[in-house]
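Enquirer: For reference, the file structure_37.csv (CSV, C-alpha atoms) is included below:
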```csv
chain,number,residue,atom,x,y,z
F,1196,MET,CA,-8.9,-8.3,8.6
F,1197,ALA,CA,-6.7,-10.9,6.9
F,1198,LEU,CA,-6.7,-8.9,3.7
F,1199,GLN,CA,-3.7,-6.7,3.1
F,1200,GLU,CA,-4.2,-3.0,3.8
F,1201,SER,CA,-4.3,-1.9,0.2
F,1202,LEU,CA,-7.1,-4.3,-0.7
F,1203,ARG,CA,-9.1,-3.3,2.3
F,1204,VAL,CA,-9.4,0.3,1.4
F,1205,SER,CA,-10.3,0.2,-2.3
F,1206,LEU,CA,-10.5,-1.9,-5.4
F,1207,THR,CA,-7.5,-2.6,-7.5
F,1208,PRO,CA,-7.3,-1.2,-11.0
F,1209,PRO,CA,-7.6,-4.7,-12.6
F,1210,GLU,CA,-10.8,-5.2,-10.7
F,1211,LEU,CA,-12.2,-2.0,-12.0
F,1212,GLU,CA,-11.2,-3.0,-15.5
F,1213,LEU,CA,-13.1,-6.3,-15.0
F,1214,ILE,CA,-16.2,-4.3,-14.0
F,1215,ALA,CA,-15.9,-1.9,-16.9
F,1216,CYS,CA,-15.7,-4.9,-19.3
F,1217,GLN,CA,-19.3,-5.8,-18.5
F,1218,GLN,CA,-20.5,-2.7,-20.4
F,1219,PRO,CA,-22.0,-3.3,-23.8
F,1220,ILE,CA,-20.2,-2.3,-27.0
F,1221,GLU,CA,-21.0,-2.5,-30.7
F,1222,ILE,CA,-19.0,-4.9,-32.9
F,1223,VAL,CA,-19.1,-5.9,-36.5
F,1224,PRO,CA,-18.7,-9.6,-36.4
F,1225,LEU,CA,-16.8,-11.6,-39.0
F,1226,ILE,CA,-18.3,-14.9,-38.0
F,1227,SER,CA,-21.9,-15.9,-37.5
F,1228,MET,CA,-23.1,-17.3,-34.3
F,1229,GLU,CA,-26.6,-18.1,-33.0
F,1230,ARG,CA,-27.9,-16.5,-29.9
F,1231,THR,CA,-25.9,-18.1,-27.1
F,1232,ALA,CA,-26.5,-18.2,-23.4
F,1233,PHE,CA,-23.6,-17.1,-21.1
F,1234,ILE,CA,-23.7,-16.9,-17.3
F,1235,SER,CA,-24.2,-13.2,-17.5
F,1236,GLY,CA,-26.9,-13.4,-20.2
F,1237,ALA,CA,-27.6,-14.3,-23.7
F,1238,TYR,CA,-25.8,-12.5,-26.5
F,1239,GLY,CA,-26.1,-12.6,-30.2
F,1240,PRO,CA,-27.1,-13.6,-32.8
F,1241,LEU,CA,-24.0,-12.5,-34.7
F,1242,ARG,CA,-24.7,-12.1,-38.4
F,1243,PRO,CA,-22.0,-10.5,-40.5
F,1244,PRO,CA,-22.0,-7.8,-41.7
F,1245,HIS,CA,-24.7,-6.5,-39.3
F,1246,LYS,CA,-23.6,-4.8,-36.1
F,1247,ALA,CA,-24.3,-6.5,-32.8
F,1248,THR,CA,-24.0,-5.4,-29.2
F,1249,VAL,CA,-22.0,-7.6,-26.9
F,1250,PRO,CA,-20.2,-7.0,-23.6
F,1251,ILE,CA,-16.7,-5.6,-23.9
F,1252,TRP,CA,-15.1,-8.8,-22.6
F,1253,MET,CA,-16.7,-10.8,-25.3
F,1254,ALA,CA,-15.7,-8.2,-28.0
F,1255,LEU,CA,-12.1,-8.3,-26.8
F,1256,ASN,CA,-12.1,-12.1,-26.9
F,1257,LEU,CA,-13.5,-12.1,-30.5
F,1258,LYS,CA,-11.2,-9.3,-31.5
F,1259,SER,CA,-8.1,-11.1,-30.3
F,1260,LYS,CA,-9.1,-14.1,-32.5
F,1261,LYS,CA,-9.7,-11.7,-35.4
F,1262,LYS,CA,-13.4,-12.6,-35.5
F,1263,CYS,CA,-14.8,-9.1,-35.3
F,1264,HIS,CA,-14.1,-5.4,-35.6
F,1265,ILE,CA,-14.9,-3.2,-32.6
F,1266,VAL,CA,-16.9,0.0,-33.3
F,1267,ALA,CA,-15.3,2.6,-31.1
F,1268,PRO,CA,-17.7,4.3,-28.7
F,1269,GLU,CA,-18.8,7.8,-29.7
F,1270,TRP,CA,-16.5,9.4,-27.2
F,1271,LEU,CA,-13.4,7.6,-28.2
F,1272,ASN,CA,-12.1,9.7,-31.0
F,1273,VAL,CA,-9.8,12.6,-31.5
F,1274,GLU,CA,-12.3,15.4,-31.9
F,1275,PHE,CA,-14.3,14.5,-28.8
F,1276,LEU,CA,-11.3,14.1,-26.6
F,1277,GLN,CA,-9.7,17.3,-27.9
F,1278,ASP,CA,-12.9,19.1,-27.0
F,1279,ARG,CA,-12.9,17.7,-23.5
F,1280,LEU,CA,-9.2,18.5,-23.1
F,1281,GLY,CA,-9.9,22.1,-24.1
F,1282,ARG,CA,-12.6,22.3,-21.4
F,1283,GLU,CA,-10.5,20.5,-18.9
F,1284,THR,CA,-7.8,23.1,-19.2
F,1285,SER,CA,-10.0,26.1,-19.4
F,1286,GLN,CA,-12.6,25.4,-16.8
F,1287,PRO,CA,-12.2,24.8,-13.1
F,1288,GLY,CA,-14.5,21.8,-12.9
F,1289,PHE,CA,-13.9,18.3,-14.2
F,1290,SER,CA,-15.2,17.8,-17.7
F,1291,ASP,CA,-18.0,15.4,-18.5
F,1292,LEU,CA,-16.6,12.0,-19.6
F,1293,PRO,CA,-18.1,8.5,-19.3
F,1294,PHE,CA,-17.7,7.2,-15.8
F,1295,ARG,CA,-15.4,4.3,-16.8
F,1296,PHE,CA,-13.6,6.0,-19.7
F,1297,ALA,CA,-10.2,5.3,-18.4
F,1298,GLU,CA,-10.7,1.5,-18.2
F,1299,VAL,CA,-12.6,1.2,-21.5
F,1300,SER,CA,-10.2,3.4,-23.5
F,1301,LYS,CA,-7.2,1.5,-22.2
F,1302,VAL,CA,-8.5,-2.0,-23.1
F,1303,LEU,CA,-9.7,-0.9,-26.5
F,1304,LEU,CA,-6.3,0.8,-27.2
F,1305,ASP,CA,-4.5,-2.3,-26.1
F,1306,VAL,CA,-6.5,-4.8,-28.1
F,1307,ALA,CA,-8.2,-3.0,-30.9
F,1308,SER,CA,-6.0,-0.1,-31.7
F,1309,ASP,CA,-6.4,-0.9,-35.4
F,1310,ASP,CA,-10.1,-0.3,-35.2
F,1311,LEU,CA,-9.6,3.2,-33.9
F,1312,GLU,CA,-8.7,6.2,-35.9
F,1313,ASN,CA,-5.3,7.7,-35.0
F,1314,PRO,CA,-4.7,5.6,-31.8
F,1315,ASP,CA,-1.5,7.4,-31.0
F,1316,LYS,CA,-3.1,10.8,-31.0
F,1317,ILE,CA,-5.9,9.3,-28.8
F,1318,ARG,CA,-3.4,7.9,-26.4
F,1319,SER,CA,-1.6,11.2,-26.0
F,1320,LEU,CA,-4.9,13.1,-25.5
F,1321,LEU,CA,-6.0,10.6,-22.8
F,1322,LYS,CA,-2.7,11.1,-21.1
F,1323,ASN,CA,-3.0,14.9,-21.2
F,1324,LEU,CA,-6.6,14.6,-19.9
F,1325,ARG,CA,-5.4,12.4,-17.0
F,1326,GLU,CA,-2.7,14.8,-16.0
F,1327,ALA,CA,-5.0,17.8,-16.1
F,1328,ARG,CA,-7.5,16.0,-14.0
F,1329,GLN,CA,-4.9,14.9,-11.5
F,1330,ALA,CA,-3.8,18.4,-11.0
F,1331,LYS,CA,-7.4,19.3,-10.1
F,1332,CYS,CA,-7.6,16.4,-7.7
F,1333,ARG,CA,-4.6,17.9,-6.0
F,1334,ASP,CA,-6.2,21.3,-5.7
F,1335,GLY,CA,-9.3,19.5,-4.2
F,1336,LEU,CA,-7.0,18.2,-1.5
F,1337,GLY,CA,-6.2,21.7,-0.3
F,1338,THR,CA,-9.8,22.5,0.3
F,1339,LEU,CA,-10.6,19.2,2.0
F,1340,ASP,CA,-12.6,19.4,5.2
F,1341,HIS,CA,-13.9,16.8,7.6
F,1342,SER,CA,-17.5,16.4,6.4
F,1343,GLU,CA,-17.8,16.4,2.7
F,1344,LEU,CA,-16.1,16.6,-0.6
F,1345,SER,CA,-17.8,17.1,-3.9
F,1346,LEU,CA,-15.9,16.4,-7.1
F,1347,PRO,CA,-18.5,15.9,-9.8
F,1348,ASN,CA,-17.6,14.0,-13.0
F,1349,LEU,CA,-14.6,12.3,-11.4
F,1350,CYS,CA,-14.3,8.9,-13.1
F,1351,SER,CA,-14.0,5.6,-11.4
F,1352,MET,CA,-10.3,5.1,-11.8
F,1353,GLU,CA,-9.6,8.5,-10.4
F,1354,ILE,CA,-11.9,8.0,-7.5
F,1355,ASN,CA,-10.2,4.7,-6.8
F,1356,GLU,CA,-6.8,6.3,-6.9
F,1357,ILE,CA,-7.5,9.0,-4.4
F,1358,ARG,CA,-9.9,7.1,-2.2
F,1359,PRO,CA,-7.5,5.6,0.3
F,1360,PHE,CA,-5.8,8.8,1.4
F,1361,PHE,CA,-8.8,11.1,1.0
F,1362,VAL,CA,-10.9,8.9,3.3
F,1363,GLN,CA,-8.0,8.6,5.8
F,1364,SER,CA,-7.4,12.4,5.9
F,1365,MET,CA,-11.1,13.2,6.3
F,1366,HIS,CA,-11.2,10.7,9.1
F,1367,LEU,CA,-8.2,12.4,10.7
F,1368,LEU,CA,-9.8,15.8,10.3
F,1369,THR,CA,-12.9,14.6,12.0
F,1370,GLN,CA,-10.8,13.4,14.9
F,1371,LEU,CA,-8.9,16.7,15.2
F,1372,GLN,CA,-11.9,19.0,14.9
F,1373,ARG,CA,-13.2,19.5,18.3
F,1374,GLN,CA,-16.6,21.0,17.5
F,1375,PRO,CA,-17.6,20.3,14.0
F,1376,PRO,CA,-19.3,23.5,12.9
F,1377,THR,CA,-23.0,22.9,12.7
F,1378,ALA,CA,-24.7,23.1,9.4
F,1379,PRO,CA,-25.5,26.7,8.3
H,694,MET,CA,-6.1,8.5,17.2
H,695,ASP,CA,-9.4,6.9,17.9
H,696,GLN,CA,-10.6,6.5,21.4
H,697,ASP,CA,-11.0,2.8,20.6
H,698,TYR,CA,-9.8,0.5,23.4
H,699,PHE,CA,-7.9,-1.6,21.0
H,700,SER,CA,-6.3,1.1,19.0
H,701,VAL,CA,-2.5,0.8,19.4
H,702,ASP,CA,-2.1,4.3,18.1
H,703,SER,CA,-4.1,5.8,20.9
H,704,ILE,CA,-2.2,3.7,23.5
H,705,LEU,CA,1.0,5.0,22.1
H,706,ALA,CA,-0.3,8.6,22.0
H,707,ALA,CA,-1.2,8.4,25.6
H,708,ASN,CA,2.2,7.2,26.5
H,709,GLN,CA,3.7,10.7,25.9
H,710,LYS,CA,4.7,12.5,29.1
H,711,VAL,CA,3.3,15.7,30.4
H,712,GLN,CA,4.6,17.8,33.3
H,713,CYS,CA,2.3,17.7,36.3
H,714,VAL,CA,2.5,20.1,39.3
H,715,PHE,CA,1.1,18.5,42.4
H,716,LYS,CA,-1.3,20.6,44.4
H,717,GLN,CA,-1.0,18.7,47.7
H,718,ASP,CA,1.2,16.3,49.6
H,719,LEU,CA,0.6,12.8,48.6
H,720,PRO,CA,2.0,10.3,51.2
H,721,ASN,CA,3.2,6.9,49.9
H,722,LEU,CA,2.7,7.7,46.3
H,723,GLY,CA,6.3,8.5,45.5
H,724,HIS,CA,6.6,5.6,43.1
H,725,LEU,CA,4.4,7.4,40.6
H,726,GLY,CA,7.3,9.6,39.6
H,727,GLY,CA,9.6,6.6,39.5
H,728,GLY,CA,11.9,8.2,42.1
H,729,SER,CA,13.1,6.8,45.4
H,730,ASP,CA,11.1,9.3,47.5
H,731,ARG,CA,8.3,7.9,49.6
H,732,ASP,CA,6.0,10.8,49.3
H,733,ILE,CA,5.1,13.4,46.8
H,734,ALA,CA,5.4,17.0,48.1
H,735,ALA,CA,3.0,19.8,47.1
H,736,LEU,CA,4.3,21.9,44.2
H,737,SER,CA,6.7,19.2,43.0
H,738,LYS,CA,6.9,18.8,39.3
H,739,ILE,CA,6.9,15.3,37.9
H,740,GLN,CA,6.8,14.1,34.3
H,741,LEU,CA,4.0,11.5,34.0
H,742,PRO,CA,2.7,9.7,31.0
H,743,LEU,CA,-0.6,11.0,29.9
H,744,TRP,CA,-2.6,7.9,30.8
H,745,LEU,CA,-1.5,8.2,34.4
H,746,ALA,CA,-1.7,11.9,34.5
H,747,LEU,CA,-5.3,11.8,33.4
H,748,ILE,CA,-6.6,10.2,36.5
H,749,ILE,CA,-4.5,12.4,38.8
H,750,ILE,CA,-5.7,15.5,37.1
H,751,TYR,CA,-9.3,14.4,37.3
H,752,SER,CA,-8.8,13.6,41.0
H,753,ASP,CA,-7.7,17.2,41.3
H,754,TRP,CA,-4.4,16.3,42.8
H,755,ALA,CA,-2.4,18.1,40.2
H,756,ASP,CA,-2.4,20.5,37.4
H,757,PHE,CA,-0.5,20.0,34.2
H,758,ASN,CA,1.4,22.3,31.9
H,759,ILE,CA,0.8,22.2,28.2
H,760,PRO,CA,3.6,20.2,26.8
H,761,THR,CA,6.2,22.0,24.8
H,762,ALA,CA,5.1,20.2,21.6
H,763,PHE,CA,2.1,22.4,21.7
H,764,GLY,CA,3.6,25.4,23.4
H,765,PRO,CA,3.7,28.9,22.0
H,766,ARG,CA,7.1,28.4,20.3
H,767,VAL,CA,5.9,25.5,18.3
H,768,ARG,CA,2.6,27.2,17.5
H,769,ASN,CA,4.4,30.3,16.2
H,770,ALA,CA,6.6,28.1,14.1
H,771,LEU,CA,3.6,26.3,12.7
H,772,LYS,CA,1.9,29.6,12.0
H,773,ALA,CA,4.9,30.8,10.1
H,774,GLU,CA,5.3,27.8,7.9
H,775,ALA,CA,3.7,24.5,8.9
H,776,ARG,CA,5.7,22.5,6.5
H,777,SER,CA,9.1,23.4,7.9
H,778,VAL,CA,8.3,22.1,11.4
H,779,ARG,CA,9.6,18.6,12.2
H,780,LEU,CA,6.6,17.1,14.0
H,781,ALA,CA,8.4,13.8,14.5
H,782,SER,CA,11.1,15.4,16.6
H,783,LEU,CA,8.6,17.1,18.9
H,784,VAL,CA,7.2,13.8,20.2
H,785,GLY,CA,10.1,11.4,20.0
H,786,ALA,CA,10.6,8.3,17.8
H,787,GLY,CA,7.5,7.0,16.0
H,788,GLY,CA,5.7,9.9,17.6
H,789,LEU,CA,2.1,10.6,17.2
H,790,TRP,CA,1.9,14.4,17.4
H,791,TYR,CA,-1.7,14.5,16.2
H,792,GLY,CA,-2.7,11.7,18.5
H,793,PHE,CA,-1.0,13.3,21.5
H,794,GLY,CA,-2.6,16.6,20.6
H,795,LYS,CA,-6.0,15.0,20.4
H,796,ALA,CA,-5.6,13.4,23.8
H,797,ILE,CA,-4.6,16.8,25.3
H,798,VAL,CA,-7.6,18.4,23.7
H,799,ASP,CA,-9.9,15.9,25.3
H,800,ILE,CA,-8.8,16.8,28.8
H,801,LEU,CA,-8.6,20.6,28.5
H,802,ALA,CA,-11.3,23.1,29.1
H,803,ASP,CA,-13.2,24.6,26.2
H,804,GLU,CA,-11.1,27.7,25.3
H,805,GLN,CA,-7.7,26.1,25.3
H,806,ALA,CA,-9.0,23.0,23.7
H,807,ASN,CA,-10.5,24.8,20.8
H,808,GLU,CA,-7.2,26.6,20.3
H,809,ILE,CA,-5.1,23.5,20.2
H,810,SER,CA,-7.7,21.7,18.0
H,811,GLU,CA,-7.5,24.6,15.6
H,812,VAL,CA,-3.7,24.4,15.6
H,813,LEU,CA,-3.9,20.7,14.8
H,814,THR,CA,-6.4,21.1,12.1
H,815,LYS,CA,-4.6,23.9,10.4
H,816,THR,CA,-1.3,22.2,10.6
H,817,PHE,CA,-2.7,19.0,9.1
H,818,ARG,CA,-4.3,20.8,6.2
H,819,ALA,CA,-1.2,22.9,5.5
H,820,ARG,CA,0.9,19.8,5.3
H,821,LEU,CA,-1.5,17.4,3.6
H,822,VAL,CA,-0.9,18.6,0.0
H,823,GLU,CA,2.8,18.4,0.4
H,824,ILE,CA,2.6,14.9,1.8
H,825,ILE,CA,0.5,13.7,-1.1
H,826,ASP,CA,2.6,15.5,-3.6
H,827,GLN,CA,5.7,13.8,-2.4
H,828,ALA,CA,4.0,10.4,-2.1
H,829,GLN,CA,3.0,10.6,-5.7
H,830,HIS,CA,6.4,11.9,-6.7
H,831,PHE,CA,8.0,8.8,-5.2
H,832,ALA,CA,5.4,6.5,-6.6
H,833,ALA,CA,6.3,7.8,-10.0
H,834,LEU,CA,10.0,7.4,-9.5
H,835,GLY,CA,9.8,3.7,-8.9
H,836,PRO,CA,12.1,1.7,-6.7
H,837,VAL,CA,15.4,2.7,-8.4
H,838,GLY,CA,15.3,6.4,-8.6
H,839,ALA,CA,14.1,7.0,-5.1
H,840,ALA,CA,17.4,6.9,-3.3
H,841,GLY,CA,19.2,9.4,-5.6
H,842,SER,CA,17.0,12.4,-5.7
H,843,SER,CA,16.7,14.3,-2.5
H,844,GLY,CA,15.8,17.9,-2.6
H,845,ASP,CA,17.1,19.0,0.8
H,846,THR,CA,13.8,20.6,2.0
H,847,ALA,CA,11.8,17.7,0.7
H,848,GLN,CA,13.9,15.3,2.5
H,849,LEU,CA,13.8,17.2,5.8
H,850,PHE,CA,10.1,17.4,5.4
H,851,ARG,CA,9.8,13.6,5.0
H,852,GLU,CA,12.0,13.0,8.0
H,853,GLY,CA,9.8,15.3,10.1
H,854,LEU,CA,6.5,13.5,9.3
H,855,ASP,CA,4.7,12.2,12.3
H,856,ALA,CA,3.5,8.6,12.4
H,857,THR,CA,-0.1,9.4,11.2
H,858,GLU,CA,1.3,11.4,8.3
H,859,ARG,CA,3.6,8.6,7.4
H,860,GLU,CA,0.6,6.3,7.2
H,861,LEU,CA,-1.1,8.7,4.8
H,862,PHE,CA,2.1,9.0,2.8
H,863,SER,CA,2.3,5.2,2.3
H,864,LEU,CA,-1.4,4.9,1.5
H,865,ALA,CA,-1.1,7.6,-1.2
H,866,GLN,CA,2.1,6.1,-2.6
H,867,GLU,CA,0.8,2.6,-2.8
H,868,SER,CA,-2.4,3.7,-4.5
H,869,ALA,CA,-0.5,5.9,-7.0
H,870,LYS,CA,1.8,3.0,-7.7
H,871,ARG,CA,-0.9,0.6,-8.4
H,872,THR,CA,-2.7,2.9,-10.7
H,873,LYS,CA,0.4,3.8,-12.6
H,874,ARG,CA,1.3,0.2,-13.0
H,875,TRP,CA,-2.1,-0.5,-14.5
H,876,TYR,CA,-1.9,2.4,-16.9
H,877,GLU,CA,1.5,1.3,-18.1
H,878,GLU,CA,1.2,-2.4,-18.2
H,879,SER,CA,-1.1,-4.8,-20.0
H,880,ASP,CA,-1.4,-8.6,-19.7
H,881,ARG,CA,-2.7,-8.7,-23.3
H,882,PRO,CA,-0.2,-9.1,-26.1
H,883,LYS,CA,0.1,-5.8,-27.9
H,884,ARG,CA,-0.6,-5.8,-31.5
```
What is this structure when it is put down as structure tokens?
Expert:
Amino acid sequence: MALQESLRVSLTPPELELIACQQPIEIVPLISMERTAFISGAYGPLRPPHKATVPIWMALNLKSKKKCHIVAPEWLNVEFLQDRLGRETSQPGFSDLPFRFAEVSKVLLDVASDDLENPDKIRSLLKNLREARQAKCRDGLGTLDHSELSLPNLCSMEINEIRPFFVQSMHLLTQLQRQPPTAP
Amino acid sequence: MDQDYFSVDSILAANQKVQCVFKQDLPNLGHLGGGSDRDIAALSKIQLPLWLALIIIYSDWADFNIPTAFGPRVRNALKAEARSVRLASLVGAGGLWYGFGKAIVDILADEQANEISEVLTKTFRARLVEIIDQAQHFAALGPVGAAGSSGDTAQLFREGLDATERELFSLAQESAKRTKRWYEESDRPKR
């Protein structure tokens, strides 16, 4: 109970980012390296100009030393995001995006924006996506009841953002409801 | 709100007073009402805190009236527009309107209890979206802008939040703030 309230109820965004950075990503190395053992596993060998798959944290590290180019994931480009934004605004449900797209796209845009095509356009698309999805979360709040809530395709960052107060309000509703309606 | 023994909220909620009407003479119990009388006469009305009233009601010494915070006037107001009722002023400073209501529901008979429980649930739902909206709005404003902007209705609504709603408000605000900070900042040097 010594943890502060905000840390007790959910993870922090940087923690989520850390988790997301365990995911593999393709890079084009500029240096060669033998297969090397790390605590989380063995990666490599790196043989330019062949592509290699390494965790994102390693790709970011190499990238910041200018020792690789990062190959953008297939969903991180203008056409794909534009398509999803179109669906997001025209359909009631959340559109289908990778679970940790917010974290991955942010770190890639921060560190490797020169490996992406048209990073500014991607940034603004991601922002629009986020806003459209937030509006839907808000609508979900209106239909909240004490027992369940189904928001498919919500991504980890969004879940984390709404978790504290969704959980608390569902808890309250459970308390206030005298006889929870039995299952139909 | 919980019935947990250690829950400070539920202790505070049970500290609200209800009006009890005694059914019979109770000799030597005048101190319950805090007055100087030695005895309690039948049909006398005394305001007792809920935790004390509970045992007296169960012993069948008294009946209690539904507190005005849940009376017909408030209910009608809530039905008309839940967001314009100032729950905090119904139950006093730091009041736990929902907690108090829950405690009342627990001692009432079925029909009345269901009614109040429904009022509580509906009110909570109707106000929830507005609470979260405002919380996120304030999270987005940051520390500086918060003081200046005050839509009158919005401000009145915030002042009328009951303690449980306040807690929700701050939860939502904190979480929105943290997420926003993460989206906007980066510890990596930008290229």
Enquirer: Within 10 Å of chain H, which residues belong to chain F? Use all atoms listed in the file and report them as JSON, numbers by chain.
Expert: {"F": [1200, 1201, 1204, 1205, 1206, 1207, 1208, 1209, 1212, 1259, 1297, 1298, 1301, 1302, 1304, 1305, 1306, 1307, 1308, 1309, 1322, 1333, 1334, 1335, 1336, 1337, 1338, 1339, 1340, 1341, 1352, 1353, 1355, 1356, 1357, 1358, 1359, 1360, 1361, 1362, 1363, 1364, 1366, 1367, 1368, 1369, 1370, 1371, 1372, 1373, 1374]}
Enquirer: Set the distance at 10 Å and use only C-alpha atoms: which residues neighbour Leu1255 in chain F once local chain neighbours fewer than 5 positions away are removed? I'd like the list as a PyMOL selection string.
Expert: chain F and resi 1216+1222+1249-1250+1260-1265+1302-1303+1305-1307
Enquirer: In terms of the shortest atom-to-atom distance over all atoms listed in the file, which of F:Gln1286, F:Ile1251, F:Ile1220, F:Leu1198 is closest to Val1266 in chain F?
Expert: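 Looking only at the distances to Val1266 in chain F, the closest residue turns out to be F:Ile1220.
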Enquirer: Considering all atoms listed in the file, can you say which of H:Asp756, H:Ile739, H:Leu705, H:Leu745 comes closest to Gly727 in chain H?
Expert: H:Ile739
Enquirer: How many Å lie between CA of Leu854 in chain H and CA of Leu789 in chain H, rounded to one decimal?
Expert: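 Separation of CA of Leu854 in chain H and CA of Leu789 in chain H: 9.5 Å.
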Enquirer: Using all atoms listed in the file, what residues lie at most 10 Å away from (3.3, 15.5, 18.3) (file coordinates), given as a ChimeraX atom specification?
Expert: /H:706,709,760-763,779-785,787-795,813,854-857
Enquirer: In Å, with one decimal, what is the gap from CA of Arg859 in chain H to CA of Gln827 in chain H?
Expert: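 Between CA of Arg859 in chain H and CA of Gln827 in chain H the gap works out to 11.3 Å.
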Enquirer: Hey, can you check how far CA of Lys1246 in chain F sits from CA of Glu1269 in chain F?
Expert: 14.9 Å
Enquirer: Which residue gives the smallest distance to Asp1315 in chain F among F:Gln1199, F:Ser1235, F:Asn1272, F:Asn1348, with only C-alpha atoms counted?
Expert: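 Residue with the minimum atom-to-atom distance to Asp1315 in chain F: F:Asn1272.
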Enquirer: Pick out the residues sitting within 6 Å of Leu741 in chain H, and hand them over as a PyMOL selection string; count all atoms listed in the file, and ignore anything fewer than 5 positions along from it in its own chain.
Expert: chain H and resi 710-711+746
Enquirer: Of the candidates F:Ile1354, F:Leu1344, F:Leu1280, F:Leu1292, which shows the shortest atom-to-atom distance to Glu1326 in chain F, using all atoms listed in the file?
Expert: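 Ranked by minimum distance to Glu1326 in chain F, first place goes to F:Leu1280.
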Enquirer: May I have the protein, DNA and RNA residues with any atom at most 10 Å from the point (6.6, 9.2, 42.3), counting only C-alpha atoms, written as a list in words?
Expert: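 Result, sorted by chain then residue number: Leu719, Asn721, Leu722, Gly723, His724, Leu725, Gly726, Gly727, Gly728, Ser729, Asp730, Arg731, Asp732, Ile733, Ala734, Ile739, Gln740 and Leu741 of chain H.
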Enquirer: Need the shell around Ser777 in chain H: protein/DNA/RNA residues with any atom at most 9 Å away, counting all atoms listed in the file. Skip same-chain ones fewer than 4 positions apart. Format as a count of residues only?
Expert: 7
Enquirer: Check the smallest atom-to-atom distance from each of F:Ala1237, F:Leu1225, F:Leu1320, F:Ala1254 to Leu1271 in chain F using all atoms listed in the file, then report the winner.
Expert: F:Leu1320
Enquirer: From the options H:Cys713, H:Ile797, H:Val701, H:Ala847, which residue's atoms come nearest to Arg776 in chain H, counting only C-alpha atoms?
Expert: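 That would be H:Ala847, the residue with the smallest distance to Arg776 in chain H.
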